[in-house]
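Enquirer: You'll find upload_27.pdb just under this line, and it carries PDB, C-alpha atoms, pLDDT in the B column.
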```
ATOM      1  CA  ASP X   1      11.414  31.987  51.749  1.00 85.00           C
ATOM      2  CA  ALA X   2      13.051  34.579  49.536  1.00 87.00           C
ATOM      3  CA  GLU X   3      12.331  34.259  45.854  1.00 93.00           C
ATOM      4  CA  ILE X   4      12.393  35.896  42.434  1.00 96.00           C
ATOM      5  CA  THR X   5       9.025  36.314  40.744  1.00 97.00           C
ATOM      6  CA  GLN X   6       8.723  36.928  37.029  1.00 98.00           C
ATOM      7  CA  SER X   7       5.536  37.943  35.292  1.00 98.00           C
ATOM      8  CA  PRO X   8       3.877  37.126  33.054  1.00 97.00           C
ATOM      9  CA  ARG X   9       4.910  33.476  32.624  1.00 97.00           C
ATOM     10  CA  HIS X  10       3.830  33.545  28.989  1.00 97.00           C
ATOM     11  CA  LYS X  11       3.269  36.483  26.654  1.00 98.00           C
ATOM     12  CA  ILE X  12       2.298  36.752  23.000  1.00 98.00           C
ATOM     13  CA  THR X  13       2.660  40.129  21.361  1.00 97.00           C
ATOM     14  CA  GLU X  14       2.794  41.628  17.910  1.00 97.00           C
ATOM     15  CA  THR X  15       5.782  43.067  16.093  1.00 98.00           C
ATOM     16  CA  GLY X  16       6.310  46.722  16.914  1.00 98.00           C
ATOM     17  CA  ARG X  17       4.521  46.749  20.265  1.00 98.00           C
ATOM     18  CA  GLN X  18       6.205  47.786  23.493  1.00 98.00           C
ATOM     19  CA  VAL X  19       6.415  44.993  26.044  1.00 98.00           C
ATOM     20  CA  THR X  20       7.536  45.044  29.672  1.00 98.00           C
ATOM     21  CA  LEU X  21       8.527  41.945  31.596  1.00 98.00           C
ATOM     22  CA  ALA X  22       8.480  42.210  35.370  1.00 98.00           C
ATOM     23  CA  CYS X  23      11.029  40.865  37.837  1.00 98.00           C
ATOM     24  CA  HIS X  24      10.605  41.174  41.595  1.00 98.00           C
ATOM     25  CA  GLN X  25      13.010  39.704  44.146  1.00 97.00           C
ATOM     26  CA  THR X  26      12.632  39.401  47.914  1.00 96.00           C
ATOM     27  CA  TRP X  27      16.265  38.428  48.565  1.00 93.00           C
ATOM     28  CA  ASN X  28      17.215  42.080  49.145  1.00 94.00           C
ATOM     29  CA  HIS X  29      20.017  41.534  46.634  1.00 94.00           C
ATOM     30  CA  ASN X  30      21.978  44.416  45.158  1.00 93.00           C
ATOM     31  CA  ASN X  31      22.683  42.724  41.825  1.00 94.00           C
ATOM     32  CA  MET X  32      20.010  41.849  39.292  1.00 96.00           C
ATOM     33  CA  PHE X  33      20.389  40.406  35.801  1.00 96.00           C
ATOM     34  CA  TRP X  34      18.304  39.699  32.721  1.00 97.00           C
ATOM     35  CA  TYR X  35      19.215  36.796  30.424  1.00 96.00           C
ATOM     36  CA  ARG X  36      17.636  35.366  27.340  1.00 96.00           C
ATOM     37  CA  GLN X  37      17.848  31.698  26.464  1.00 95.00           C
ATOM     38  CA  ASP X  38      17.677  30.447  22.899  1.00 92.00           C
ATOM     39  CA  LEU X  39      18.464  27.062  21.393  1.00 84.00           C
ATOM     40  CA  GLY X  40      22.111  26.896  20.440  1.00 74.00           C
ATOM     41  CA  HIS X  41      23.071  30.027  22.377  1.00 76.00           C
ATOM     42  CA  GLY X  42      22.686  29.102  26.005  1.00 83.00           C
ATOM     43  CA  LEU X  43      22.117  31.991  28.414  1.00 91.00           C
ATOM     44  CA  ARG X  44      23.048  35.439  27.126  1.00 91.00           C
ATOM     45  CA  LEU X  45      23.187  38.546  29.293  1.00 92.00           C
ATOM     46  CA  ILE X  46      20.908  41.412  28.235  1.00 96.00           C
ATOM     47  CA  HIS X  47      21.212  44.008  31.006  1.00 96.00           C
ATOM     48  CA  TYR X  48      22.293  44.091  34.611  1.00 95.00           C
ATOM     49  CA  SER X  49      22.187  46.349  37.644  1.00 96.00           C
ATOM     50  CA  TYR X  50      24.447  46.591  40.682  1.00 93.00           C
ATOM     51  CA  GLY X  51      22.091  48.729  42.701  1.00 94.00           C
ATOM     52  CA  VAL X  52      19.370  51.383  42.636  1.00 96.00           C
ATOM     53  CA  GLN X  53      19.739  53.787  39.707  1.00 96.00           C
ATOM     54  CA  ASP X  54      22.544  51.650  38.225  1.00 96.00           C
ATOM     55  CA  THR X  55      22.040  49.875  34.881  1.00 97.00           C
ATOM     56  CA  ASN X  56      24.518  48.357  32.443  1.00 94.00           C
ATOM     57  CA  LYS X  57      24.385  46.784  28.994  1.00 94.00           C
ATOM     58  CA  GLY X  58      25.167  43.137  28.480  1.00 92.00           C
ATOM     59  CA  GLU X  59      26.207  41.323  25.331  1.00 88.00           C
ATOM     60  CA  VAL X  60      22.759  41.405  23.641  1.00 94.00           C
ATOM     61  CA  SER X  61      21.249  44.697  24.829  1.00 96.00           C
ATOM     62  CA  ASP X  62      20.056  46.168  21.509  1.00 97.00           C
ATOM     63  CA  GLY X  63      16.285  46.679  21.538  1.00 97.00           C
ATOM     64  CA  TYR X  64      15.997  46.297  25.329  1.00 98.00           C
ATOM     65  CA  SER X  65      16.065  48.691  28.265  1.00 98.00           C
ATOM     66  CA  VAL X  66      15.872  48.395  32.060  1.00 98.00           C
ATOM     67  CA  SER X  67      15.382  50.736  34.976  1.00 97.00           C
ATOM     68  CA  ARG X  68      16.147  50.240  38.674  1.00 98.00           C
ATOM     69  CA  SER X  69      14.120  52.537  40.898  1.00 97.00           C
ATOM     70  CA  ASN X  70      14.217  50.283  43.975  1.00 97.00           C
ATOM     71  CA  THR X  71      16.106  47.243  45.246  1.00 97.00           C
ATOM     72  CA  GLU X  72      13.366  44.711  44.538  1.00 97.00           C
ATOM     73  CA  ASP X  73      12.446  45.344  40.888  1.00 98.00           C
ATOM     74  CA  LEU X  74      14.202  45.329  37.522  1.00 98.00           C
ATOM     75  CA  PRO X  75      11.636  45.500  34.708  1.00 98.00           C
ATOM     76  CA  LEU X  76      12.819  44.682  31.195  1.00 98.00           C
ATOM     77  CA  THR X  77      11.272  46.678  28.335  1.00 98.00           C
ATOM     78  CA  LEU X  78      11.283  45.788  24.674  1.00 98.00           C
ATOM     79  CA  GLU X  79      10.800  49.156  23.019  1.00 95.00           C
ATOM     80  CA  SER X  80       9.488  47.792  19.709  1.00 97.00           C
ATOM     81  CA  ALA X  81       9.189  44.029  19.764  1.00 98.00           C
ATOM     82  CA  ALA X  82      10.755  42.084  16.889  1.00 98.00           C
ATOM     83  CA  SER X  83      10.382  38.418  15.925  1.00 97.00           C
ATOM     84  CA  SER X  84      14.076  37.932  16.768  1.00 97.00           C
ATOM     85  CA  GLN X  85      13.170  38.691  20.375  1.00 98.00           C
ATOM     86  CA  THR X  86      11.021  35.585  20.671  1.00 97.00           C
ATOM     87  CA  SER X  87      12.776  33.781  23.501  1.00 97.00           C
ATOM     88  CA  VAL X  88      12.656  32.671  27.100  1.00 97.00           C
ATOM     89  CA  TYR X  89      13.716  35.443  29.465  1.00 98.00           C
ATOM     90  CA  PHE X  90      15.211  34.808  32.893  1.00 98.00           C
ATOM     91  CA  CYS X  91      15.734  37.271  35.688  1.00 98.00           C
ATOM     92  CA  ALA X  92      18.395  36.525  38.303  1.00 96.00           C
ATOM     93  CA  SER X  93      19.885  38.149  41.367  1.00 95.00           C
ATOM     94  CA  SER X  94      22.899  37.878  43.642  1.00 91.00           C
ATOM     95  CA  ALA X  95      23.906  39.593  46.864  1.00 88.00           C
ATOM     96  CA  GLY X  96      26.786  41.483  45.320  1.00 75.00           C
ATOM     97  CA  GLN X  97      29.739  40.212  47.245  1.00 67.00           C
ATOM     98  CA  ASN X  98      32.345  38.229  45.338  1.00 63.00           C
ATOM     99  CA  ASN X  99      31.286  34.918  46.830  1.00 68.00           C
ATOM    100  CA  SER X 100      27.530  35.140  46.520  1.00 81.00           C
ATOM    101  CA  PRO X 101      25.514  32.644  44.457  1.00 86.00           C
ATOM    102  CA  LEU X 102      23.141  33.488  41.632  1.00 90.00           C
ATOM    103  CA  HIS X 103      19.416  32.795  41.966  1.00 93.00           C
ATOM    104  CA  PHE X 104      16.954  32.587  39.063  1.00 96.00           C
ATOM    105  CA  GLY X 105      13.284  33.289  38.536  1.00 97.00           C
ATOM    106  CA  ASN X 106      11.114  30.797  36.659  1.00 96.00           C
ATOM    107  CA  GLY X 107      11.316  32.607  33.345  1.00 97.00           C
ATOM    108  CA  THR X 108       8.959  34.329  30.910  1.00 97.00           C
ATOM    109  CA  ARG X 109       8.291  32.793  27.511  1.00 97.00           C
ATOM    110  CA  LEU X 110       7.776  35.616  25.013  1.00 98.00           C
ATOM    111  CA  THR X 111       6.467  35.086  21.498  1.00 98.00           C
ATOM    112  CA  VAL X 112       6.516  37.960  19.010  1.00 98.00           C
ATOM    113  CA  THR X 113       4.251  37.374  16.002  1.00 97.00           C
TER     114      THR X 113
ATOM    115  CA  GLY W   1      35.373  37.530  30.038  1.00 77.00           C
ATOM    116  CA  ILE W   2      35.896  34.032  31.325  1.00 83.00           C
ATOM    117  CA  GLN W   3      35.431  31.179  28.855  1.00 89.00           C
ATOM    118  CA  VAL W   4      33.453  28.261  30.263  1.00 93.00           C
ATOM    119  CA  GLU W   5      33.398  24.916  28.469  1.00 95.00           C
ATOM    120  CA  GLN W   6      31.236  21.961  29.405  1.00 96.00           C
ATOM    121  CA  SER W   7      31.518  18.364  28.349  1.00 97.00           C
ATOM    122  CA  PRO W   8      29.994  16.236  27.094  1.00 97.00           C
ATOM    123  CA  PRO W   9      27.364  18.297  25.268  1.00 96.00           C
ATOM    124  CA  ASP W  10      24.907  15.409  25.267  1.00 96.00           C
ATOM    125  CA  LEU W  11      24.594  12.307  27.401  1.00 97.00           C
ATOM    126  CA  ILE W  12      22.122   9.432  27.389  1.00 97.00           C
ATOM    127  CA  LEU W  13      22.053   7.103  30.378  1.00 96.00           C
ATOM    128  CA  GLN W  14      20.156   4.035  31.415  1.00 97.00           C
ATOM    129  CA  GLU W  15      18.386   4.540  34.720  1.00 98.00           C
ATOM    130  CA  GLY W  16      20.675   3.525  37.576  1.00 97.00           C
ATOM    131  CA  ALA W  17      23.903   4.421  35.775  1.00 98.00           C
ATOM    132  CA  ASN W  18      26.471   6.900  37.074  1.00 97.00           C
ATOM    133  CA  SER W  19      27.880   9.870  35.184  1.00 97.00           C
ATOM    134  CA  THR W  20      30.417  12.673  35.427  1.00 98.00           C
ATOM    135  CA  LEU W  21      29.937  16.094  33.872  1.00 98.00           C
ATOM    136  CA  ARG W  22      32.882  18.418  33.451  1.00 98.00           C
ATOM    137  CA  CYS W  23      33.223  22.207  33.463  1.00 97.00           C
ATOM    138  CA  ASN W  24      36.481  23.937  32.485  1.00 96.00           C
ATOM    139  CA  PHE W  25      37.019  27.651  32.971  1.00 92.00           C
ATOM    140  CA  SER W  26      39.689  29.834  31.467  1.00 90.00           C
ATOM    141  CA  ASP W  27      40.719  32.024  34.385  1.00 85.00           C
ATOM    142  CA  SER W  28      40.693  32.342  38.139  1.00 79.00           C
ATOM    143  CA  VAL W  29      37.182  32.674  39.484  1.00 78.00           C
ATOM    144  CA  ASN W  30      35.543  33.607  42.764  1.00 77.00           C
ATOM    145  CA  ASN W  31      32.623  31.257  42.434  1.00 85.00           C
ATOM    146  CA  LEU W  32      31.468  28.167  40.573  1.00 92.00           C
ATOM    147  CA  GLN W  33      27.849  27.107  40.476  1.00 94.00           C
ATOM    148  CA  TRP W  34      26.027  24.137  38.996  1.00 97.00           C
ATOM    149  CA  PHE W  35      22.419  24.446  37.849  1.00 96.00           C
ATOM    150  CA  HIS W  36      19.888  21.927  36.609  1.00 97.00           C
ATOM    151  CA  GLN W  37      17.335  23.119  34.074  1.00 96.00           C
ATOM    152  CA  ASN W  38      14.424  20.734  34.344  1.00 92.00           C
ATOM    153  CA  PRO W  39      12.083  19.858  31.463  1.00 89.00           C
ATOM    154  CA  TRP W  40       9.757  22.665  32.592  1.00 90.00           C
ATOM    155  CA  GLY W  41      12.530  25.182  32.067  1.00 91.00           C
ATOM    156  CA  GLN W  42      13.233  26.039  35.686  1.00 93.00           C
ATOM    157  CA  LEU W  43      16.862  26.704  36.622  1.00 94.00           C
ATOM    158  CA  ILE W  44      17.542  25.019  39.936  1.00 93.00           C
ATOM    159  CA  ASN W  45      20.635  25.714  42.024  1.00 92.00           C
ATOM    160  CA  LEU W  46      22.500  22.483  42.679  1.00 96.00           C
ATOM    161  CA  PHE W  47      25.809  23.569  44.133  1.00 95.00           C
ATOM    162  CA  TYR W  48      27.677  26.704  44.944  1.00 92.00           C
ATOM    163  CA  ILE W  49      31.216  25.385  45.065  1.00 92.00           C
ATOM    164  CA  PRO W  50      34.185  27.707  44.520  1.00 89.00           C
ATOM    165  CA  SER W  51      36.521  24.958  45.749  1.00 91.00           C
ATOM    166  CA  GLY W  52      36.482  21.560  47.403  1.00 95.00           C
ATOM    167  CA  THR W  53      33.788  18.909  47.367  1.00 97.00           C
ATOM    168  CA  LYS W  54      30.115  18.966  48.320  1.00 97.00           C
ATOM    169  CA  GLN W  55      27.493  16.280  48.322  1.00 97.00           C
ATOM    170  CA  ASN W  56      23.725  16.408  48.218  1.00 96.00           C
ATOM    171  CA  GLY W  57      22.089  13.018  48.080  1.00 97.00           C
ATOM    172  CA  ARG W  58      22.999  11.269  44.827  1.00 97.00           C
ATOM    173  CA  LEU W  59      24.753  14.361  43.490  1.00 98.00           C
ATOM    174  CA  SER W  60      28.172  15.622  44.380  1.00 98.00           C
ATOM    175  CA  ALA W  61      30.497  18.250  42.961  1.00 98.00           C
ATOM    176  CA  THR W  62      34.199  18.917  43.129  1.00 97.00           C
ATOM    177  CA  THR W  63      35.968  22.102  42.088  1.00 95.00           C
ATOM    178  CA  VAL W  64      39.744  22.254  41.704  1.00 95.00           C
ATOM    179  CA  ALA W  65      40.219  25.992  41.390  1.00 90.00           C
ATOM    180  CA  THR W  66      43.993  25.820  40.850  1.00 91.00           C
ATOM    181  CA  GLU W  67      43.445  23.605  37.786  1.00 93.00           C
ATOM    182  CA  ARG W  68      40.353  25.514  36.644  1.00 94.00           C
ATOM    183  CA  TYR W  69      37.783  22.767  36.446  1.00 95.00           C
ATOM    184  CA  SER W  70      34.753  21.421  38.245  1.00 97.00           C
ATOM    185  CA  LEU W  71      33.062  18.030  38.087  1.00 98.00           C
ATOM    186  CA  LEU W  72      29.458  17.102  38.787  1.00 98.00           C
ATOM    187  CA  TYR W  73      28.825  13.466  39.693  1.00 98.00           C
ATOM    188  CA  ILE W  74      25.405  11.893  39.360  1.00 98.00           C
ATOM    189  CA  SER W  75      25.076   8.454  40.888  1.00 97.00           C
ATOM    190  CA  SER W  76      22.235   5.965  40.403  1.00 97.00           C
ATOM    191  CA  SER W  77      20.603   8.244  37.855  1.00 97.00           C
ATOM    192  CA  GLN W  78      16.826   8.600  37.742  1.00 97.00           C
ATOM    193  CA  THR W  79      14.521   9.820  34.999  1.00 96.00           C
ATOM    194  CA  THR W  80      13.930  12.974  37.030  1.00 95.00           C
ATOM    195  CA  ASP W  81      17.622  13.837  36.534  1.00 96.00           C
ATOM    196  CA  SER W  82      16.934  14.513  32.854  1.00 96.00           C
ATOM    197  CA  GLY W  83      17.422  18.050  31.660  1.00 95.00           C
ATOM    198  CA  VAL W  84      20.289  20.396  30.985  1.00 96.00           C
ATOM    199  CA  TYR W  85      23.095  20.974  33.453  1.00 97.00           C
ATOM    200  CA  PHE W  86      24.846  24.330  33.386  1.00 96.00           C
ATOM    201  CA  CYS W  87      27.913  25.511  35.193  1.00 96.00           C
ATOM    202  CA  ALA W  88      28.583  29.190  35.758  1.00 93.00           C
ATOM    203  CA  SER W  89      31.625  30.960  37.082  1.00 89.00           C
ATOM    204  CA  ASN W  90      32.055  34.520  38.183  1.00 82.00           C
ATOM    205  CA  THR W  91      34.731  37.022  38.786  1.00 76.00           C
ATOM    206  CA  GLY W  92      33.584  40.125  40.575  1.00 72.00           C
ATOM    207  CA  ASN W  93      29.873  40.545  39.872  1.00 74.00           C
ATOM    208  CA  GLN W  94      29.752  39.041  36.373  1.00 79.00           C
ATOM    209  CA  PHE W  95      28.628  35.460  35.741  1.00 86.00           C
ATOM    210  CA  TYR W  96      29.745  33.400  32.743  1.00 89.00           C
ATOM    211  CA  PHE W  97      27.839  30.321  31.637  1.00 92.00           C
ATOM    212  CA  GLY W  98      28.798  27.205  29.778  1.00 92.00           C
ATOM    213  CA  THR W  99      26.530  25.943  26.997  1.00 92.00           C
ATOM    214  CA  GLY W 100      25.338  23.033  29.093  1.00 94.00           C
ATOM    215  CA  THR W 101      25.222  19.244  29.085  1.00 96.00           C
ATOM    216  CA  SER W 102      21.904  17.784  27.983  1.00 96.00           C
ATOM    217  CA  LEU W 103      21.187  14.620  29.972  1.00 97.00           C
ATOM    218  CA  THR W 104      18.528  12.082  29.098  1.00 97.00           C
ATOM    219  CA  VAL W 105      17.902   9.218  31.507  1.00 97.00           C
ATOM    220  CA  ILE W 106      16.053   6.316  29.959  1.00 97.00           C
ATOM    221  CA  PRO W 107      13.885   4.042  32.155  1.00 95.00           C
TER     222      PRO W 107
END
```
Would you kindly transcribe this structure into structure tokens?

Expert:
Amino acid sequence: DAEITQSPRHKITETGRQVTLACHQTWNHNNMFWYRQDLGHGLRLIHYSYGVQDTNKGEVSDGYSVSRSNTEDLPLTLESAASSQTSVYFCASSAGQNNSPLHFGNGTRLTVT
Amino acid sequence: GIQVEQSPPDLILQEGANSTLRCNFSDSVNNLQWFHQNPWGQLINLFYIPSGTKQNGRLSATTVATERYSLLYISSSQTTDSGVYFCASNTGNQFYFGTGTSLTVIP
């Protein structure tokens, strides 16, 4: 079965370090998304991509970057981790047509100390 | 973007009770999905329902696109139904989420 795999599941890092969260999907989807989930804020969009070499900023993109070198992967990088970036991060994908559902990975819990 | 509102924000049920969760959206959409976030944090697809009615076991969903709302029905609730229920709508390739309904089912 197709799936979205996120790694690591849990990560603890120190303020100022660079961190990369991996997302790999086997759906062969064009669209990929990164969200963060915090209490009181629901799911907020960080970055998204509509295809290889395409990346776009979401509503909370400051301090994050992504790259899309192939269809399957959209790694999320925190350039210099801050305590405000402690959160649960979800990767998602969709086929790209107007009527295609969204599928989520299992999330990565990141703690910045 | 599209505004998505869910109600109620919190719900506590006795096991075996029925419930209805509502999702209102502010504009025409191509797609409406319902997700269940279980206590382990996983986001599970429940329904992809841009219009009409679908049923899956004890759960069913109805979307009335012309009136811009969707309903999720849970019948004979079980403790495993606890968690947060999100609806999401999209226009084009962008998805917009509600803030969820937190459901607790008490044995």

Enquirer: Convert the output of the ChimeraX specification (/X :<7) & /W on the shown file into explicit residues, formatted as an MDAnalysis selection string.

Expert: chainID W and resid 30:31 42:43 48 92:93 97 99

Enquirer: Compile the contact shell of range 60-63 of chain X as a PyMOL selection string: residues with an atom at most 10 Å away, counting all atoms listed in the file, same-chain residues fewer than 4 positions apart removed.

Expert: chain X and resi 34-36+44-48+56+77-82+85

Enquirer: Starting from the PyMOL selection byres ((chain W and resi 6) around 8), expand the selection into actual residues of this file and give them as an MDAnalysis selection string.

Expert: chainID W and resid 4:5 7:9 21:24 86:87 98:101

Enquirer: Could you write out the selected residues, including C-alpha atoms, as a CSV table (one decimal), in the coordinates of the input?

Expert:
```
chain,number,residue,atom,x,y,z
W,4,VAL,CA,33.5,28.3,30.3
W,5,GLU,CA,33.4,24.9,28.5
W,7,SER,CA,31.5,18.4,28.3
W,8,PRO,CA,30.0,16.2,27.1
W,9,PRO,CA,27.4,18.3,25.3
W,21,LEU,CA,29.9,16.1,33.9
W,22,ARG,CA,32.9,18.4,33.5
W,23,CYS,CA,33.2,22.2,33.5
W,24,ASN,CA,36.5,23.9,32.5
W,86,PHE,CA,24.8,24.3,33.4
W,87,CYS,CA,27.9,25.5,35.2
W,98,GLY,CA,28.8,27.2,29.8
W,99,THR,CA,26.5,25.9,27.0
W,100,GLY,CA,25.3,23.0,29.1
W,101,THR,CA,25.2,19.2,29.1
```

Enquirer: On this structure, which residues satisfy the PyMOL selection byres ((chain X and resi 53) around 8), written as a PyMOL selection string?

Expert: chain X and resi 51-52+54-55+67-70

Enquirer: Dump as a PDB file with C-alpha atoms, in the frame of the given file all residues having an atom at most 10 Å from (13.4, 38.8, 41.8), computed in the file's coordinates with only C-alpha atoms.

Expert:
```pdb
ATOM      1  CA  ALA X   2      13.051  34.579  49.536  1.00 87.00           C
ATOM      2  CA  GLU X   3      12.331  34.259  45.854  1.00 93.00           C
ATOM      3  CA  ILE X   4      12.393  35.896  42.434  1.00 96.00           C
ATOM      4  CA  THR X   5       9.025  36.314  40.744  1.00 97.00           C
ATOM      5  CA  GLN X   6       8.723  36.928  37.029  1.00 98.00           C
ATOM      6  CA  ALA X  22       8.480  42.210  35.370  1.00 98.00           C
ATOM      7  CA  CYS X  23      11.029  40.865  37.837  1.00 98.00           C
ATOM      8  CA  HIS X  24      10.605  41.174  41.595  1.00 98.00           C
ATOM      9  CA  GLN X  25      13.010  39.704  44.146  1.00 97.00           C
ATOM     10  CA  THR X  26      12.632  39.401  47.914  1.00 96.00           C
ATOM     11  CA  TRP X  27      16.265  38.428  48.565  1.00 93.00           C
ATOM     12  CA  ASN X  28      17.215  42.080  49.145  1.00 94.00           C
ATOM     13  CA  HIS X  29      20.017  41.534  46.634  1.00 94.00           C
ATOM     14  CA  MET X  32      20.010  41.849  39.292  1.00 96.00           C
ATOM     15  CA  PHE X  33      20.389  40.406  35.801  1.00 96.00           C
ATOM     16  CA  THR X  71      16.106  47.243  45.246  1.00 97.00           C
ATOM     17  CA  GLU X  72      13.366  44.711  44.538  1.00 97.00           C
ATOM     18  CA  ASP X  73      12.446  45.344  40.888  1.00 98.00           C
ATOM     19  CA  LEU X  74      14.202  45.329  37.522  1.00 98.00           C
ATOM     20  CA  PRO X  75      11.636  45.500  34.708  1.00 98.00           C
ATOM     21  CA  PHE X  90      15.211  34.808  32.893  1.00 98.00           C
ATOM     22  CA  CYS X  91      15.734  37.271  35.688  1.00 98.00           C
ATOM     23  CA  ALA X  92      18.395  36.525  38.303  1.00 96.00           C
ATOM     24  CA  SER X  93      19.885  38.149  41.367  1.00 95.00           C
ATOM     25  CA  SER X  94      22.899  37.878  43.642  1.00 91.00           C
ATOM     26  CA  HIS X 103      19.416  32.795  41.966  1.00 93.00           C
ATOM     27  CA  PHE X 104      16.954  32.587  39.063  1.00 96.00           C
ATOM     28  CA  GLY X 105      13.284  33.289  38.536  1.00 97.00           C
ATOM     29  CA  ASN X 106      11.114  30.797  36.659  1.00 96.00           C
TER      30      ASN X 106
END
```

Enquirer: Would you compute the distance between CA of Lys57 in chain X and CA of Val112 in chain X? Give it in Å to one decimal.

Expert: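 CA of Val112 in chain X lies 22.3 Å from CA of Lys57 in chain X.
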
Enquirer: By how many Å are CA of Thr15 in chain X and CA of Thr86 in chain X apart?

Expert: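 Rounded to one decimal, the two atoms are 10.2 Å apart.
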
Enquirer: CA of Tyr73 in chain W and CA of Phe25 in chain W, how far apart in Å?

Expert: 17.7 Å

Enquirer: Show me, as JSON, the centre and edge lengths in Å to one decimal of the axis-aligned box that covers every listed atom of range 26-32 of chain W with 4 Å on each side.

Expert:
```
{"center_x": 36.1, "center_y": 30.9, "center_z": 37.1, "size_x": 17.3, "size_y": 13.4, "size_z": 19.3}
```

Enquirer: So which residues fall inside 9 Å of (15.6, 10.6, 30.5) if we count only C-alpha atoms? Mind giving them as a VMD selection string?

Expert: chain W and resid 12 to 15 78 to 83 103 to 107

Enquirer: Got a sec: who's within 9 Å of Val29 in chain W, counting all atoms listed in the file, leaving out chain neighbours fewer than 2 positions off, as a PyMOL selection string?

Expert: chain W and resi 2+25-27+31-32+50+65+68+89-92

Enquirer: Those selected residues, please, written with C-alpha atoms and delivered as a PDB file, in the frame of the given file.

Expert:
```pdb
ATOM      1  CA  ILE W   2      35.896  34.032  31.325  1.00 83.00           C
ATOM      2  CA  PHE W  25      37.019  27.651  32.971  1.00 92.00           C
ATOM      3  CA  SER W  26      39.689  29.834  31.467  1.00 90.00           C
ATOM      4  CA  ASP W  27      40.719  32.024  34.385  1.00 85.00           C
ATOM      5  CA  ASN W  31      32.623  31.257  42.434  1.00 85.00           C
ATOM      6  CA  LEU W  32      31.468  28.167  40.573  1.00 92.00           C
ATOM      7  CA  PRO W  50      34.185  27.707  44.520  1.00 89.00           C
ATOM      8  CA  ALA W  65      40.219  25.992  41.390  1.00 90.00           C
ATOM      9  CA  ARG W  68      40.353  25.514  36.644  1.00 94.00           C
ATOM     10  CA  SER W  89      31.625  30.960  37.082  1.00 89.00           C
ATOM     11  CA  ASN W  90      32.055  34.520  38.183  1.00 82.00           C
ATOM     12  CA  THR W  91      34.731  37.022  38.786  1.00 76.00           C
ATOM     13  CA  GLY W  92      33.584  40.125  40.575  1.00 72.00           C
TER      14      GLY W  92
END
```

Enquirer: Nearest to Gly1 in chain W among W:Ser102, W:Ala17, W:His36, W:Ser28, with distances taken over only C-alpha atoms: which residue is it?

Expert: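 Closest candidate: W:Ser28.
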